[in-house]
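Undergrad: Contents of model-v2.pdb (PDB, C-alpha atoms, pLDDT in the B column):
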ATOM      1  CA  MET A 207      34.820 113.426 150.851  1.00 83.00           C
ATOM      2  CA  LEU A 208      34.572 115.359 147.581  1.00 90.00           C
ATOM      3  CA  LEU A 209      37.202 117.811 148.799  1.00 90.00           C
ATOM      4  CA  ALA A 210      39.544 114.935 149.733  1.00 90.00           C
ATOM      5  CA  MET A 211      39.083 113.382 146.285  1.00 94.00           C
ATOM      6  CA  THR A 212      39.720 116.705 144.559  1.00 95.00           C
ATOM      7  CA  ALA A 213      42.781 117.317 146.713  1.00 96.00           C
ATOM      8  CA  SER A 214      44.058 113.811 145.905  1.00 96.00           C
ATOM      9  CA  VAL A 215      43.805 114.426 142.169  1.00 97.00           C
ATOM     10  CA  ALA A 216      45.482 117.825 142.475  1.00 98.00           C
ATOM     11  CA  LEU A 217      48.285 116.346 144.596  1.00 98.00           C
ATOM     12  CA  VAL A 218      48.902 113.467 142.198  1.00 98.00           C
ATOM     13  CA  VAL A 219      49.011 115.790 139.192  1.00 98.00           C
ATOM     14  CA  SER A 220      51.280 118.309 140.911  1.00 98.00           C
ATOM     15  CA  THR A 221      53.754 115.698 142.169  1.00 98.00           C
ATOM     16  CA  ILE A 222      53.876 113.983 138.776  1.00 98.00           C
ATOM     17  CA  LEU A 223      54.639 117.340 137.164  1.00 98.00           C
ATOM     18  CA  VAL A 224      57.337 118.110 139.746  1.00 98.00           C
ATOM     19  CA  LEU A 225      59.103 114.802 139.195  1.00 98.00           C
ATOM     20  CA  TYR A 226      58.622 114.997 135.422  1.00 98.00           C
ATOM     21  CA  GLU A 227      60.219 118.435 135.254  1.00 98.00           C
ATOM     22  CA  THR A 228      63.018 117.390 137.597  1.00 97.00           C
ATOM     23  CA  LEU A 229      63.853 114.365 135.446  1.00 96.00           C
ATOM     24  CA  ARG A 230      63.403 116.273 132.175  1.00 96.00           C
ATOM     25  CA  LEU A 231      65.699 119.109 133.197  1.00 95.00           C
ATOM     26  CA  THR A 232      68.240 116.672 134.579  1.00 94.00           C
ATOM     27  CA  SER A 233      68.218 114.669 131.372  1.00 92.00           C
ATOM     28  CA  GLU A 234      68.339 117.769 129.195  1.00 92.00           C
ATOM     29  CA  HIS A 235      71.316 119.382 130.926  1.00 91.00           C
ATOM     30  CA  LEU A 236      73.262 116.329 132.015  1.00 88.00           C
ATOM     31  CA  SER A 237      75.077 115.855 128.725  1.00 83.00           C
ATOM     32  CA  GLU A 238      76.202 119.499 128.820  1.00 86.00           C
ATOM     33  CA  LEU A 239      78.123 119.062 132.057  1.00 85.00           C
ATOM     34  CA  PRO A 240      81.886 118.815 131.491  1.00 90.00           C
ATOM     35  CA  VAL A 241      82.256 116.211 134.229  1.00 89.00           C
ATOM     36  CA  PRO A 242      83.163 112.530 134.355  1.00 89.00           C
ATOM     37  CA  PRO A 243      80.422 109.887 134.027  1.00 87.00           C
ATOM     38  CA  ARG A 244      80.545 109.159 137.766  1.00 89.00           C
ATOM     39  CA  VAL A 245      79.494 112.719 138.573  1.00 91.00           C
ATOM     40  CA  ARG A 246      76.694 112.575 136.008  1.00 92.00           C
ATOM     41  CA  ILE A 247      75.261 109.446 137.607  1.00 92.00           C
ATOM     42  CA  LEU A 248      75.565 111.075 141.016  1.00 94.00           C
ATOM     43  CA  ALA A 249      73.725 114.136 139.668  1.00 94.00           C
ATOM     44  CA  VAL A 250      70.889 111.909 138.431  1.00 95.00           C
ATOM     45  CA  VAL A 251      70.497 110.282 141.838  1.00 96.00           C
ATOM     46  CA  LEU A 252      70.672 113.601 143.711  1.00 97.00           C
ATOM     47  CA  MET A 253      68.189 115.344 141.416  1.00 97.00           C
ATOM     48  CA  THR A 254      65.810 112.404 141.683  1.00 97.00           C
ATOM     49  CA  PHE A 255      66.053 112.691 145.451  1.00 97.00           C
ATOM     50  CA  VAL A 256      65.302 116.413 145.190  1.00 98.00           C
ATOM     51  CA  GLY A 257      62.204 115.683 143.095  1.00 98.00           C
ATOM     52  CA  HIS A 258      60.914 113.184 145.652  1.00 98.00           C
ATOM     53  CA  THR A 259      61.661 115.562 148.514  1.00 98.00           C
ATOM     54  CA  VAL A 260      59.592 118.288 146.858  1.00 98.00           C
ATOM     55  CA  ALA A 261      56.744 115.798 146.318  1.00 98.00           C
ATOM     56  CA  VAL A 262      56.793 114.813 150.004  1.00 98.00           C
ATOM     57  CA  TRP A 263      56.722 118.484 151.008  1.00 98.00           C
ATOM     58  CA  ILE A 264      53.740 119.109 148.727  1.00 98.00           C
ATOM     59  CA  TYR A 265      51.788 116.355 150.473  1.00 98.00           C
ATOM     60  CA  ALA A 266      52.929 117.613 153.892  1.00 98.00           C
ATOM     61  CA  GLY A 267      51.648 121.069 152.981  1.00 98.00           C
ATOM     62  CA  ALA A 268      48.318 119.560 151.977  1.00 97.00           C
ATOM     63  CA  TYR A 269      48.024 117.693 155.298  1.00 97.00           C
ATOM     64  CA  TRP A 270      48.939 120.844 157.191  1.00 97.00           C
ATOM     65  CA  LEU A 271      46.379 122.920 155.292  1.00 96.00           C
ATOM     66  CA  LEU A 272      43.546 120.412 155.208  1.00 95.00           C
ATOM     67  CA  VAL A 273      43.890 118.821 158.643  1.00 94.00           C
ATOM     68  CA  LEU A 274      45.506 121.416 160.877  1.00 95.00           C
ATOM     69  CA  ARG A 275      44.125 124.615 159.338  1.00 95.00           C
ATOM     70  CA  LEU A 276      40.781 123.673 157.751  1.00 94.00           C
ATOM     71  CA  GLY A 277      39.902 120.757 160.032  1.00 92.00           C
ATOM     72  CA  ILE A 278      39.137 118.376 157.163  1.00 89.00           C
ATOM     73  CA  GLY A 279      40.232 114.934 158.284  1.00 90.00           C
ATOM     74  CA  THR A 280      42.074 113.899 161.407  1.00 93.00           C
ATOM     75  CA  PHE A 281      44.909 111.786 162.732  1.00 95.00           C
ATOM     76  CA  ALA A 282      44.899 109.344 165.621  1.00 95.00           C
ATOM     77  CA  GLY A 283      47.777 107.892 167.610  1.00 95.00           C
ATOM     78  CA  ALA A 284      50.556 110.317 168.413  1.00 94.00           C
ATOM     79  CA  PRO A 285      49.249 113.874 168.055  1.00 93.00           C
ATOM     80  CA  VAL A 286      49.827 115.685 164.759  1.00 94.00           C
ATOM     81  CA  GLU A 287      50.100 119.326 165.772  1.00 95.00           C
ATOM     82  CA  THR A 288      52.817 120.944 163.640  1.00 97.00           C
ATOM     83  CA  PHE A 289      54.017 121.075 160.064  1.00 98.00           C
ATOM     84  CA  GLU A 290      56.935 118.843 161.082  1.00 97.00           C
ATOM     85  CA  ASP A 291      54.447 116.178 162.170  1.00 97.00           C
ATOM     86  CA  CYS A 292      52.719 116.467 158.804  1.00 97.00           C
ATOM     87  CA  LEU A 293      56.084 116.214 157.040  1.00 97.00           C
ATOM     88  CA  TYR A 294      57.010 113.109 159.027  1.00 96.00           C
ATOM     89  CA  PHE A 295      53.663 111.471 158.235  1.00 96.00           C
ATOM     90  CA  SER A 296      54.061 112.396 154.580  1.00 97.00           C
ATOM     91  CA  VAL A 297      57.498 110.748 154.362  1.00 97.00           C
ATOM     92  CA  VAL A 298      56.133 107.612 156.015  1.00 96.00           C
ATOM     93  CA  ALA A 299      53.112 107.479 153.698  1.00 96.00           C
ATOM     94  CA  TYR A 300      55.014 108.365 150.493  1.00 97.00           C
ATOM     95  CA  THR A 301      57.608 105.669 151.056  1.00 95.00           C
ATOM     96  CA  SER A 302      54.957 103.169 152.235  1.00 92.00           C
ATOM     97  CA  LEU A 303      56.836 102.574 155.517  1.00 90.00           C
ATOM     98  CA  GLY A 304      53.760 102.906 157.682  1.00 85.00           C
ATOM     99  CA  PHE A 305      55.338 103.120 161.148  1.00 79.00           C
ATOM    100  CA  GLY A 306      51.926 103.495 162.763  1.00 85.00           C
ATOM    101  CA  ASP A 307      52.629 106.181 165.359  1.00 92.00           C
ATOM    102  CA  HIS A 308      50.382 108.562 163.354  1.00 93.00           C
ATOM    103  CA  PHE A 309      47.498 107.111 161.430  1.00 91.00           C
ATOM    104  CA  PRO A 310      44.862 108.879 159.382  1.00 93.00           C
ATOM    105  CA  THR A 311      41.155 108.759 160.120  1.00 92.00           C
ATOM    106  CA  SER A 312      38.125 109.984 158.181  1.00 90.00           C
ATOM    107  CA  HIS A 313      38.934 111.816 154.925  1.00 89.00           C
ATOM    108  CA  THR A 314      42.669 111.815 155.599  1.00 93.00           C
ATOM    109  CA  ARG A 315      42.708 108.049 154.901  1.00 94.00           C
ATOM    110  CA  LEU A 316      42.005 108.719 151.221  1.00 94.00           C
ATOM    111  CA  LEU A 317      44.860 111.230 150.974  1.00 95.00           C
ATOM    112  CA  ALA A 318      47.292 108.868 152.720  1.00 95.00           C
ATOM    113  CA  GLY A 319      46.337 105.942 150.501  1.00 95.00           C
ATOM    114  CA  VAL A 320      46.693 108.005 147.345  1.00 97.00           C
ATOM    115  CA  GLU A 321      50.038 109.348 148.573  1.00 97.00           C
ATOM    116  CA  ALA A 322      51.341 105.808 149.139  1.00 97.00           C
ATOM    117  CA  LEU A 323      50.269 104.728 145.649  1.00 97.00           C
ATOM    118  CA  ASN A 324      51.657 107.918 144.113  1.00 98.00           C
ATOM    119  CA  GLY A 325      54.960 107.498 145.953  1.00 97.00           C
ATOM    120  CA  LEU A 326      55.248 103.901 144.815  1.00 97.00           C
ATOM    121  CA  LEU A 327      54.702 104.867 141.180  1.00 97.00           C
ATOM    122  CA  LEU A 328      57.034 107.869 141.275  1.00 98.00           C
ATOM    123  CA  ILE A 329      59.791 105.922 143.024  1.00 97.00           C
ATOM    124  CA  GLY A 330      59.500 103.223 140.362  1.00 97.00           C
ATOM    125  CA  TRP A 331      59.604 105.872 137.632  1.00 97.00           C
ATOM    126  CA  SER A 332      62.732 107.469 139.066  1.00 97.00           C
ATOM    127  CA  ALA A 333      64.354 104.047 139.477  1.00 97.00           C
ATOM    128  CA  SER A 334      63.854 103.326 135.785  1.00 97.00           C
ATOM    129  CA  PHE A 335      65.159 106.797 134.909  1.00 96.00           C
ATOM    130  CA  THR A 336      68.251 106.162 137.030  1.00 95.00           C
ATOM    131  CA  TYR A 337      68.722 102.800 135.344  1.00 94.00           C
ATOM    132  CA  LEU A 338      68.563 104.426 131.889  1.00 93.00           C
ATOM    133  CA  ALA A 339      71.077 107.079 132.943  1.00 91.00           C
ATOM    134  CA  MET A 340      73.425 104.440 134.295  1.00 90.00           C
ATOM    135  CA  GLU A 341      73.005 102.396 131.130  1.00 91.00           C
ATOM    136  CA  ARG A 342      74.023 105.476 129.161  1.00 88.00           C
ATOM    137  CA  TYR A 343      76.901 106.724 131.306  1.00 86.00           C
ATOM    138  CA  TRP A 344      78.276 103.582 132.989  1.00 85.00           C
ATOM    139  CA  PRO A 345      80.071 102.288 129.868  1.00 85.00           C
ATOM    140  CA  LEU A 346      81.851 105.634 129.537  1.00 81.00           C
ATOM    141  CA  HIS A 347      83.994 104.762 132.553  1.00 75.00           C
ATOM    142  CA  GLY A 348      85.925 102.241 130.469  1.00 69.00           C
ATOM    143  CA  LYS A 349      85.938 104.445 127.374  1.00 61.00           C
ATOM    144  CA  THR A 350      87.380 107.336 129.335  1.00 54.00           C
ATOM    145  CA  GLN A 351      90.238 105.207 130.606  1.00 58.00           C
ATOM    146  CA  ALA A 352      90.793 103.631 127.167  1.00 54.00           C
ATOM    147  CA  HIS A 353      90.774 107.106 125.640  1.00 56.00           C
ATOM    148  CA  ARG A 354      93.340 108.325 128.180  1.00 60.00           C
ATOM    149  CA  ALA A 355      95.543 105.301 127.514  1.00 56.00           C
ATOM    150  CA  ALA A 356      95.378 105.863 123.748  1.00 56.00           C
ATOM    151  CA  ARG A 357      96.229 109.539 124.176  1.00 60.00           C
ATOM    152  CA  ALA A 358      99.095 108.661 126.483  1.00 61.00           C
ATOM    153  CA  ALA A 359     100.429 106.098 124.022  1.00 61.00           C
ATOM    154  CA  ALA A 360     100.275 108.662 121.232  1.00 61.00           C
ATOM    155  CA  GLY A 361     101.832 111.340 123.452  1.00 62.00           C
ATOM    156  CA  ILE A 362      98.878 113.681 122.963  1.00 61.00           C
ATOM    157  CA  GLY A 363      97.987 116.017 125.790  1.00 54.00           C
ATOM    158  CA  THR A 364     100.198 114.296 128.300  1.00 49.00           C
ATOM    159  CA  GLU A 365     103.649 114.747 129.603  1.00 49.00           C
ATOM    160  CA  PRO A 366     106.291 113.544 127.189  1.00 44.00           C
ATOM    161  CA  SER A 367     106.829 109.828 127.448  1.00 46.00           C
ATOM    162  CA  ARG A 368     110.208 108.273 128.180  1.00 43.00           C
ATOM    163  CA  ASP A 369     110.533 107.257 124.516  1.00 48.00           C
ATOM    164  CA  SER A 370     110.223 110.816 123.286  1.00 41.00           C
ATOM    165  CA  LEU A 371     112.825 112.014 125.792  1.00 41.00           C
ATOM    166  CA  PHE A 372     115.172 109.111 125.237  1.00 40.00           C
ATOM    167  CA  PRO A 373     114.582 107.716 121.758  1.00 47.00           C
ATOM    168  CA  PRO A 374     115.974 104.254 121.102  1.00 57.00           C
ATOM    169  CA  ALA A 375     119.519 104.215 119.801  1.00 60.00           C
ATOM    170  CA  PRO A 376     119.764 103.653 116.051  1.00 65.00           C
ATOM    171  CA  GLU A 377     120.838 100.190 115.043  1.00 69.00           C
ATOM    172  CA  THR A 378     124.269  99.937 113.313  1.00 61.00           C
TER     173      THR A 378
END
Show how you would write the structure in this file as structure tokens.
TA:
Amino acid sequence: MLLAMTASVALVVSTILVLYETLRLTSEHLSELPVPPRVRILAVVLMTFVGHTVAVWIYAGAYWLLVLRLGIGTFAGAPVETFEDCLYFSVVAYTSLGFGDHFPTSHTRLLAGVEALNGLLLIGWSASFTYLAMERYWPLHGKTQAHRAARAAAGIGTEPSRDSLFPPAPET
């Protein structure tokens, strides 16, 4: 049980650090991208997904190592025999879906419970990060179009307008 508790702490710390660094690097470099706001928001969502995917793989690796290689803990239900089975169980536990075809027994129950709690917290954290990014970049959609319209009206950086090609006739 002590090994399962130690592994749980190490897994929580490592997945928090992975998601933290993913979000930090995304936030740090997002403003440097010369792309429209829509692409920046898409980048936030994709990078958040990448961070969660890495976290799920970390837990899957722990299940594979602890259960399949070291024999610490077990699964019941459908057999868990490969890394892919561990990955599937990890996705189900991390997202709190709990399909029930694989279920942990003995020390693996602690890891699965901690993974579900960790996944819930990290998903909530990334949701708030995504909200903050959208709050920052969403209003730029309108500003970009207003900026384009102002530039077009002033004839800056656009094709010449009809008025500049055909100026109004002088009044007599």
Undergrad: Record the distance separating atom CA of Gly325 of chain A and atom CA of His308 of chain A, expressed in Å with one decimal.
TA: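 Between atom CA of Gly325 of chain A and atom CA of His308 of chain A the gap is 18.0 Å.
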Undergrad: What are the centre and the three edge lengths of an axis-aligned box that wraps all atoms of segment 239-243 of chain A in the file, given that 6 Å is added to every side, written as AutoDock Vina command-line options and rounded to one decimal in Å?
TA:
--center_x 80.6 --center_y 114.5 --center_z 132.9 --size_x 17.0 --size_y 21.2 --size_z 14.9
Undergrad: Using only C-alpha atoms for the distances, tell me which of A:Leu328, A:Met211, A:Leu272, A:Leu323 is nearest to Leu225 of chain A.
TA: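 Comparing A:Leu328, A:Met211, A:Leu272, A:Leu323 against Leu225 of chain A, the winner is A:Leu328.
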Undergrad: From the set A:His235, A:Ser312, A:Ala282, A:Gly330, which residue has the shortest atom-to-atom contact distance to Met207 of chain A, counting only C-alpha atoms?
TA: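 Of A:His235, A:Ser312, A:Ala282, A:Gly330, the one nearest Met207 of chain A is A:Ser312, counting only C-alpha atoms.
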Undergrad: Record the distance separating atom CA of Ile278 of chain A and atom CA of Thr259 of chain A, expressed in Å with one decimal.
TA: 24.3 Å
Undergrad: Could you tell me which residues the PyMOL selection byres ((chain A and resi 287-291) around 8) grabs in this file, written as a PDB file with C-alpha atoms, in the frame of the given file?
TA:
ATOM      1  CA  ALA A 266      52.929 117.613 153.892  1.00 98.00           C
ATOM      2  CA  GLY A 267      51.648 121.069 152.981  1.00 98.00           C
ATOM      3  CA  TRP A 270      48.939 120.844 157.191  1.00 97.00           C
ATOM      4  CA  LEU A 274      45.506 121.416 160.877  1.00 95.00           C
ATOM      5  CA  PRO A 285      49.249 113.874 168.055  1.00 93.00           C
ATOM      6  CA  VAL A 286      49.827 115.685 164.759  1.00 94.00           C
ATOM      7  CA  CYS A 292      52.719 116.467 158.804  1.00 97.00           C
ATOM      8  CA  LEU A 293      56.084 116.214 157.040  1.00 97.00           C
ATOM      9  CA  TYR A 294      57.010 113.109 159.027  1.00 96.00           C
ATOM     10  CA  PHE A 295      53.663 111.471 158.235  1.00 96.00           C
TER      11      PHE A 295
END
Undergrad: Pick from A:Val262, A:Ala339, A:Val297, A:Leu317: nearest to Ile222 of chain A, with only C-alpha atoms counted?
TA: A:Val262
Undergrad: Counting all atoms listed in the file, figure out which residue out of A:Ala299, A:Leu338, A:Ala210, A:Val224 gets nearest to Gly319 of chain A.
TA: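 Residue with the minimum atom-to-atom distance to Gly319 of chain A: A:Ala299.
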